[in-house]
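File shown: final_19.txt (compact mmCIF, C-alpha atoms and all ligand atoms).
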```txt
# COMPACT_ATOMS: atom_id res chain seq x y z
CA MET B 1147 -3.21 -28.55 3.63
CA ALA B 1148 -1.80 -29.80 0.33
CA ASN B 1149 -2.04 -26.53 -1.57
CA SER B 1150 -1.71 -24.05 1.28
CA LEU B 1151 0.81 -21.29 0.74
CA PRO B 1152 3.63 -20.61 3.18
CA THR B 1153 2.65 -17.78 5.52
CA ALA B 1154 5.04 -15.29 3.93
CA SER B 1155 3.44 -15.79 0.53
CA ARG B 1156 -0.16 -15.57 1.66
CA PRO B 1157 -1.98 -12.83 -0.23
CA ARG B 1158 -2.58 -9.88 2.06
CA THR B 1159 -5.68 -8.54 0.36
CA PRO B 1160 -8.96 -9.74 1.88
CA PRO B 1161 -11.59 -11.13 -0.50
CA ALA B 1162 -14.41 -9.06 -2.01
CA GLY B 1163 -17.31 -8.52 0.35
CA HIS B 1164 -15.18 -8.38 3.50
CA ASP B 1165 -15.72 -5.71 6.16
CA HIS B 1166 -13.58 -2.96 4.65
CA GLU B 1167 -14.38 -0.49 7.45
CA HIS B 1168 -12.29 -2.83 9.58
CA CYS B 1169 -9.34 -2.53 7.14
CA ILE B 1170 -9.51 1.29 7.34
CA ALA B 1171 -9.79 1.34 11.14
CA ASP B 1172 -6.94 -1.14 11.42
CA ALA B 1173 -4.69 0.87 9.06
CA LEU B 1174 -5.34 4.10 10.98
CA ALA B 1175 -4.69 2.42 14.34
CA LYS B 1176 -1.40 0.94 13.07
CA ALA B 1177 -0.39 4.36 11.71
CA GLU B 1178 -1.03 6.00 15.10
CA THR B 1179 1.12 3.36 16.83
CA ILE B 1180 3.99 3.62 14.33
CA CYS B 1181 4.05 7.42 14.41
CA GLU B 1182 3.99 7.43 18.20
CA ARG B 1183 6.85 4.92 18.31
CA HIS B 1184 8.97 7.11 16.01
CA GLY B 1185 8.04 10.40 17.61
CA ALA B 1186 6.38 11.51 14.39
CA ARG B 1187 3.07 13.30 14.19
CA LEU B 1188 0.13 11.88 12.28
CA THR B 1189 -1.31 15.31 11.53
CA PRO B 1190 -5.00 15.58 10.51
CA MET B 1191 -3.85 16.01 6.88
CA ARG B 1192 -1.61 12.91 6.92
CA ARG B 1193 -4.35 10.92 8.63
CA ARG B 1194 -6.97 12.05 6.11
CA VAL B 1195 -4.73 11.20 3.13
CA LEU B 1196 -4.02 7.75 4.59
CA GLU B 1197 -7.75 7.22 5.15
CA LEU B 1198 -8.43 8.19 1.51
CA VAL B 1199 -5.67 5.90 0.20
CA TRP B 1200 -7.43 3.16 2.16
CA GLN B 1201 -10.85 3.79 0.59
CA SER B 1202 -10.23 0.58 -1.33
CA HIS B 1203 -7.59 -2.03 -2.12
CA ARG B 1204 -7.03 -0.35 -5.48
CA PRO B 1205 -4.20 2.08 -6.17
CA VAL B 1206 -5.19 5.74 -6.16
CA GLY B 1207 -3.42 8.63 -7.90
CA ALA B 1208 -2.27 11.81 -6.16
CA TYR B 1209 -4.73 13.96 -8.12
CA ASP B 1210 -7.62 11.64 -7.28
CA LEU B 1211 -6.64 12.07 -3.64
CA LEU B 1212 -6.59 15.83 -4.10
CA ASP B 1213 -10.11 15.74 -5.61
CA LEU B 1214 -11.36 13.65 -2.70
CA LEU B 1215 -9.76 16.04 -0.20
CA ASN B 1216 -11.21 19.09 -1.90
CA ALA B 1217 -14.65 17.50 -2.22
CA ARG B 1218 -15.44 18.91 1.21
CA GLY B 1219 -15.11 22.44 -0.11
CA ARG B 1220 -11.46 22.79 0.92
CA ARG B 1221 -8.80 23.98 -1.50
CA HIS B 1222 -5.64 22.02 -0.78
CA ALA B 1223 -2.69 22.43 -3.14
CA PRO B 1224 -1.17 19.35 -4.83
CA ILE B 1225 2.04 19.88 -2.85
CA ALA B 1226 0.13 19.28 0.40
CA VAL B 1227 -0.96 15.86 -0.87
CA TYR B 1228 2.54 15.00 -2.07
CA ARG B 1229 4.05 16.03 1.26
CA ALA B 1230 1.57 13.85 3.16
CA LEU B 1231 2.24 10.94 0.78
CA ASP B 1232 6.01 11.34 1.18
CA PHE B 1233 5.59 11.11 4.93
CA LEU B 1234 3.33 8.05 4.70
CA ILE B 1235 5.72 6.29 2.27
CA GLU B 1236 8.71 7.08 4.46
CA ARG B 1237 6.93 5.49 7.44
CA GLY B 1238 6.04 2.41 5.37
CA LEU B 1239 2.31 3.13 5.67
CA VAL B 1240 1.83 3.57 1.93
CA HIS B 1241 3.57 2.06 -1.10
CA ARG B 1242 4.02 3.77 -4.45
CA LEU B 1243 3.28 1.71 -7.55
CA ALA B 1244 5.51 3.06 -10.29
CA SER B 1245 3.67 1.29 -13.14
CA ARG B 1246 0.40 3.05 -12.16
CA ASN B 1247 1.92 6.21 -10.73
CA ALA B 1248 -0.44 5.55 -7.85
CA PHE B 1249 -0.47 4.70 -4.17
CA ILE B 1250 -1.69 1.80 -2.07
CA GLY B 1251 -1.98 1.37 1.69
CA CYS B 1252 0.31 -1.19 3.33
CA SER B 1253 -1.50 -3.77 5.43
CA HIS B 1254 1.47 -4.67 7.62
CA PRO B 1255 3.52 -1.48 8.03
CA ALA B 1256 5.03 -2.46 11.37
CA GLU B 1257 7.22 -5.18 9.84
CA PRO B 1258 10.03 -3.95 7.59
CA HIS B 1259 9.59 -5.65 4.22
CA THR B 1260 10.30 -5.54 0.54
CA ALA B 1261 7.04 -6.37 -1.13
CA GLN B 1262 6.04 -7.62 -4.52
CA PHE B 1263 2.75 -6.40 -5.92
CA LEU B 1264 0.24 -8.41 -7.91
CA ILE B 1265 -1.94 -5.94 -9.81
CA CYS B 1266 -5.23 -7.15 -11.29
CA GLU B 1267 -5.80 -5.79 -14.78
CA ARG B 1268 -9.57 -6.21 -14.46
CA CYS B 1269 -10.56 -4.85 -11.04
CA HIS B 1270 -7.23 -3.08 -10.31
CA ALA B 1271 -7.04 -4.64 -6.87
CA VAL B 1272 -3.48 -4.90 -5.59
CA THR B 1273 -2.26 -7.81 -3.52
CA GLU B 1274 0.96 -7.54 -1.61
CA LEU B 1275 3.09 -10.63 -1.83
CA GLU B 1276 5.95 -10.74 0.59
CA ASP B 1277 8.27 -13.41 -0.68
CA LYS B 1278 11.70 -13.25 0.90
CA ALA B 1279 13.11 -15.57 -1.78
CA ILE B 1280 12.30 -13.04 -4.55
CA ALA B 1281 13.82 -10.17 -2.58
CA GLY B 1282 16.86 -12.36 -1.81
CA ALA B 1283 17.34 -13.31 -5.48
CA ILE B 1284 17.33 -9.65 -6.54
CA ARG B 1285 19.80 -8.76 -3.79
CA ALA B 1286 22.07 -11.66 -4.72
CA GLY B 1287 21.90 -10.89 -8.45
CA ALA B 1288 22.70 -7.23 -7.86
CA SER B 1289 25.58 -8.04 -5.54
CA HIS B 1290 26.96 -10.53 -8.10
CA LEU B 1291 27.17 -7.66 -10.59
CA GLY B 1292 28.77 -5.33 -8.07
CA PHE B 1293 25.58 -3.29 -7.96
CA THR B 1294 24.66 -1.63 -4.67
CA LEU B 1295 20.95 -1.98 -4.27
CA ALA B 1296 19.14 0.91 -2.59
CA ALA B 1297 15.57 -0.25 -3.08
CA HIS B 1298 13.52 -2.33 -5.42
CA VAL B 1299 9.86 -2.84 -6.19
CA VAL B 1300 8.45 -5.76 -8.15
CA GLU B 1301 5.13 -5.18 -9.87
CA ALA B 1302 3.34 -8.00 -11.68
CA GLN B 1303 0.17 -7.66 -13.79
CA GLY B 1304 -2.49 -10.33 -14.21
CA VAL B 1305 -5.97 -11.40 -13.14
CA CYS B 1306 -6.86 -11.86 -9.46
CA ALA B 1307 -8.62 -14.86 -7.93
CA THR B 1308 -11.87 -12.92 -7.39
CA CYS B 1309 -12.01 -11.90 -11.07
CA ARG B 1310 -11.27 -15.49 -12.11
CA GLY B 1311 -14.11 -16.60 -9.83
CA GLN B 1312 -11.73 -18.76 -7.87
CA VAL B 1313 -12.06 -19.24 -4.12
CA LEU B 1314 -8.76 -19.27 -2.27
CA PRO B 1315 -8.20 -21.97 0.35
ZN ZN B 1401 -10.50 -4.09 2.98
ZN ZN B 1402 3.70 -3.32 2.53
ZN ZN B 1403 -9.43 -8.63 -10.07
```
Conversion result in structure tokens:
Amino acid sequence: MANSLPTASRPRTPPAGHDHEHCIADALAKAETICERHGARLTPMRRRVLELVWQSHRPVGAYDLLDLLNARGRRHAPIAVYRALDFLIERGLVHRLASRNAFIGCSHPAEPHTAQFLICERCHAVTELEDKAIAGAIRAGASHLGFTLAAHVVEAQGVCATCRGQVLP
């Protein structure tokens, strides 16, 4: 176990070739549970948008989501997609990646967290890194400067293990 990562730093994105249908089913089941717990309604539209965000582990833009929604012959307005995304973000089910102006499903929405994102420049896969030390350092630095932190998102670009042909332990 010499090079094993601490649990909190373990990449959350499963490797290529995994059973992604399971990821989608899992995300939808977690969303149902969270909405129920908060007395919120996972309407068919919100559910469908979440399902589409989860089509892959790559970030997807709002207009791509709109195209996918309207592919079935429907004519949804952009505002409907944005409203559904706002709801999903508020519930922690989806994260917004500012550097891509795109959205990614959260794999562990039940636990409150401040995540860091590792974005692969080759395959665009996004891995969520949840390192409490990074979040703590930003909080401490902000507080040192008398800055009241509302929220922060760390986005890092690079090349993922799959693209480097490296097998993770
Ligand atoms: Zn998957
Ligand atoms: Zn997350
Ligand atoms: Zn990659």
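Of the listed residues (B:Gly1304, B:Pro1190, B:Gly1287, B:Pro1224), B:Gly1304 comes nearest to ligand ZN 1403 (chain B); the distances count only C-alpha atoms and all ligand atoms.
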Worksheet entry | Surrounding residues of B:Thr1179 excluding itself and chain neighbours under 5 positions, 9 Å, all atoms listed in the file, as a list in words | Leu1174, His1184 and Ala1256 of chain B
Practice prompt. Give as a ChimeraX atom specification the residues surrounding ligand ZN 1403 (chain B) up to a distance of 7 Å, considering all atoms listed in the file.
Written response: /B:1266-1271,1305-1309
How would you report the residues lying within 10 Å of ligand ZN 1402 (chain B), as a short mmCIF file (atom, residue, chain, number, x, y, z; two decimals) with C-alpha atoms, in the coordinates of the input, if you count only C-alpha atoms and all ligand atoms?
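Result file follows (part.cif):
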```
data_model
loop_
_atom_site.label_atom_id
_atom_site.label_comp_id
_atom_site.auth_asym_id
_atom_site.auth_seq_id
_atom_site.Cartn_x
_atom_site.Cartn_y
_atom_site.Cartn_z
CA ARG B 1158 -2.58 -9.88 2.06
CA ILE B 1235 5.72 6.29 2.27
CA GLY B 1238 6.04 2.41 5.37
CA LEU B 1239 2.31 3.13 5.67
CA VAL B 1240 1.83 3.57 1.93
CA HIS B 1241 3.57 2.06 -1.10
CA ARG B 1242 4.02 3.77 -4.45
CA ILE B 1250 -1.69 1.80 -2.07
CA GLY B 1251 -1.98 1.37 1.69
CA CYS B 1252 0.31 -1.19 3.33
CA SER B 1253 -1.50 -3.77 5.43
CA HIS B 1254 1.47 -4.67 7.62
CA PRO B 1255 3.52 -1.48 8.03
CA ALA B 1256 5.03 -2.46 11.37
CA GLU B 1257 7.22 -5.18 9.84
CA PRO B 1258 10.03 -3.95 7.59
CA HIS B 1259 9.59 -5.65 4.22
CA THR B 1260 10.30 -5.54 0.54
CA ALA B 1261 7.04 -6.37 -1.13
CA GLN B 1262 6.04 -7.62 -4.52
CA PHE B 1263 2.75 -6.40 -5.92
CA THR B 1273 -2.26 -7.81 -3.52
CA GLU B 1274 0.96 -7.54 -1.61
CA LEU B 1275 3.09 -10.63 -1.83
CA GLU B 1276 5.95 -10.74 0.59
#
```
Discussion item. As a ChimeraX atom specification, please: every protein or nucleic acid residue near ligand ZN 1401 (chain B) (cut-off 8 Å, counting only C-alpha atoms and all ligand atoms).
Written reply: /B:1159-1161,1164-1170,1200,1202-1203
Discussion item. If we draw a sphere of 12 Å around (-0.9, 16.0, 10.9), which residues have at least one atom in it when counting all atoms listed in the file? Please report them as a list in words.
Written reply: Ala1177, Glu1178, Cys1181, Ala1186, Arg1187, Leu1188, Thr1189, Pro1190, Met1191, Arg1192, Arg1193, Arg1194, Val1195, Leu1196, Ala1226, Val1227, Arg1229, Ala1230, Leu1231, Phe1233 and Leu1234 of chain B
With C-alpha atoms retained, write the just-selected residues as a compact mmCIF listing (two decimals), in the coordinates of the input.
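Output contents, as saved in selection-v5.txt:
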```
# COMPACT_ATOMS: atom_id res chain seq x y z
CA ALA B 1177 -0.39 4.36 11.71
CA GLU B 1178 -1.03 6.00 15.10
CA CYS B 1181 4.05 7.42 14.41
CA ALA B 1186 6.38 11.51 14.39
CA ARG B 1187 3.07 13.30 14.19
CA LEU B 1188 0.13 11.88 12.28
CA THR B 1189 -1.31 15.31 11.53
CA PRO B 1190 -5.00 15.58 10.51
CA MET B 1191 -3.85 16.01 6.88
CA ARG B 1192 -1.61 12.91 6.92
CA ARG B 1193 -4.35 10.92 8.63
CA ARG B 1194 -6.97 12.05 6.11
CA VAL B 1195 -4.73 11.20 3.13
CA LEU B 1196 -4.02 7.75 4.59
CA ALA B 1226 0.13 19.28 0.40
CA VAL B 1227 -0.96 15.86 -0.87
CA ARG B 1229 4.05 16.03 1.26
CA ALA B 1230 1.57 13.85 3.16
CA LEU B 1231 2.24 10.94 0.78
CA PHE B 1233 5.59 11.11 4.93
CA LEU B 1234 3.33 8.05 4.70
```
Discussion item. Just to confirm, what's the straight-line distance from atom CA of B:Ala1283 to atom CA of B:His1298 in Å (one decimal)?
Written reply: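 That distance, rounded to one decimal, is 11.6 Å.
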Worksheet item: Which residues, written as a list in words, have at least one atom at most 8 Å from B:Leu1211, with only C-alpha atoms counted and residues fewer than 4 positions away on the same chain left out?
Response: Val1195, Leu1198, Val1199, Val1206, Gly1207, Leu1215 and Val1227 of chain B
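Taking atom CA of B:Ile1180 and atom CA of B:Arg1237 as the two end points, the separation is 7.7 Å.
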Discussion item. Report, in Å with one decimal, the straight-line distance from atom CA of B:Gln1201 to atom CA of B:Arg1221.
Written reply: 20.4 Å
Can you rebuild stretch 1286-1298 of chain B with N, CA and C atoms and give it as a short mmCIF file (atom, residue, chain, number, x, y, z; two decimals), in the coordinates of the input?
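Dumped to part20.cif:
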```
data_model
loop_
_atom_site.label_atom_id
_atom_site.label_comp_id
_atom_site.auth_asym_id
_atom_site.auth_seq_id
_atom_site.Cartn_x
_atom_site.Cartn_y
_atom_site.Cartn_z
N ALA B 1286 20.92 -10.84 -4.34
CA ALA B 1286 22.07 -11.66 -4.72
C ALA B 1286 22.53 -11.34 -6.14
N GLY B 1287 21.57 -11.21 -7.06
CA GLY B 1287 21.90 -10.89 -8.45
C GLY B 1287 22.60 -9.55 -8.56
N ALA B 1288 22.10 -8.57 -7.82
CA ALA B 1288 22.70 -7.23 -7.86
C ALA B 1288 24.12 -7.28 -7.31
N SER B 1289 24.28 -7.96 -6.19
CA SER B 1289 25.58 -8.04 -5.54
C SER B 1289 26.59 -8.76 -6.44
N HIS B 1290 26.13 -9.78 -7.17
CA HIS B 1290 26.96 -10.53 -8.10
C HIS B 1290 27.52 -9.61 -9.19
N LEU B 1291 26.74 -8.60 -9.55
CA LEU B 1291 27.17 -7.66 -10.59
C LEU B 1291 27.85 -6.42 -10.01
N GLY B 1292 28.12 -6.46 -8.71
CA GLY B 1292 28.77 -5.33 -8.07
C GLY B 1292 27.86 -4.12 -7.97
N PHE B 1293 26.56 -4.37 -8.00
CA PHE B 1293 25.58 -3.29 -7.96
C PHE B 1293 25.08 -3.12 -6.53
N THR B 1294 25.17 -1.89 -6.01
CA THR B 1294 24.66 -1.63 -4.67
C THR B 1294 23.19 -1.28 -4.76
N LEU B 1295 22.39 -2.14 -4.18
CA LEU B 1295 20.95 -1.98 -4.27
C LEU B 1295 20.45 -1.03 -3.18
N ALA B 1296 19.72 0.00 -3.59
CA ALA B 1296 19.14 0.91 -2.59
C ALA B 1296 17.72 0.44 -2.26
N ALA B 1297 16.95 0.19 -3.28
CA ALA B 1297 15.57 -0.25 -3.08
C ALA B 1297 15.10 -0.93 -4.34
N HIS B 1298 14.10 -1.76 -4.22
CA HIS B 1298 13.52 -2.33 -5.42
C HIS B 1298 12.05 -2.65 -5.19
#
```
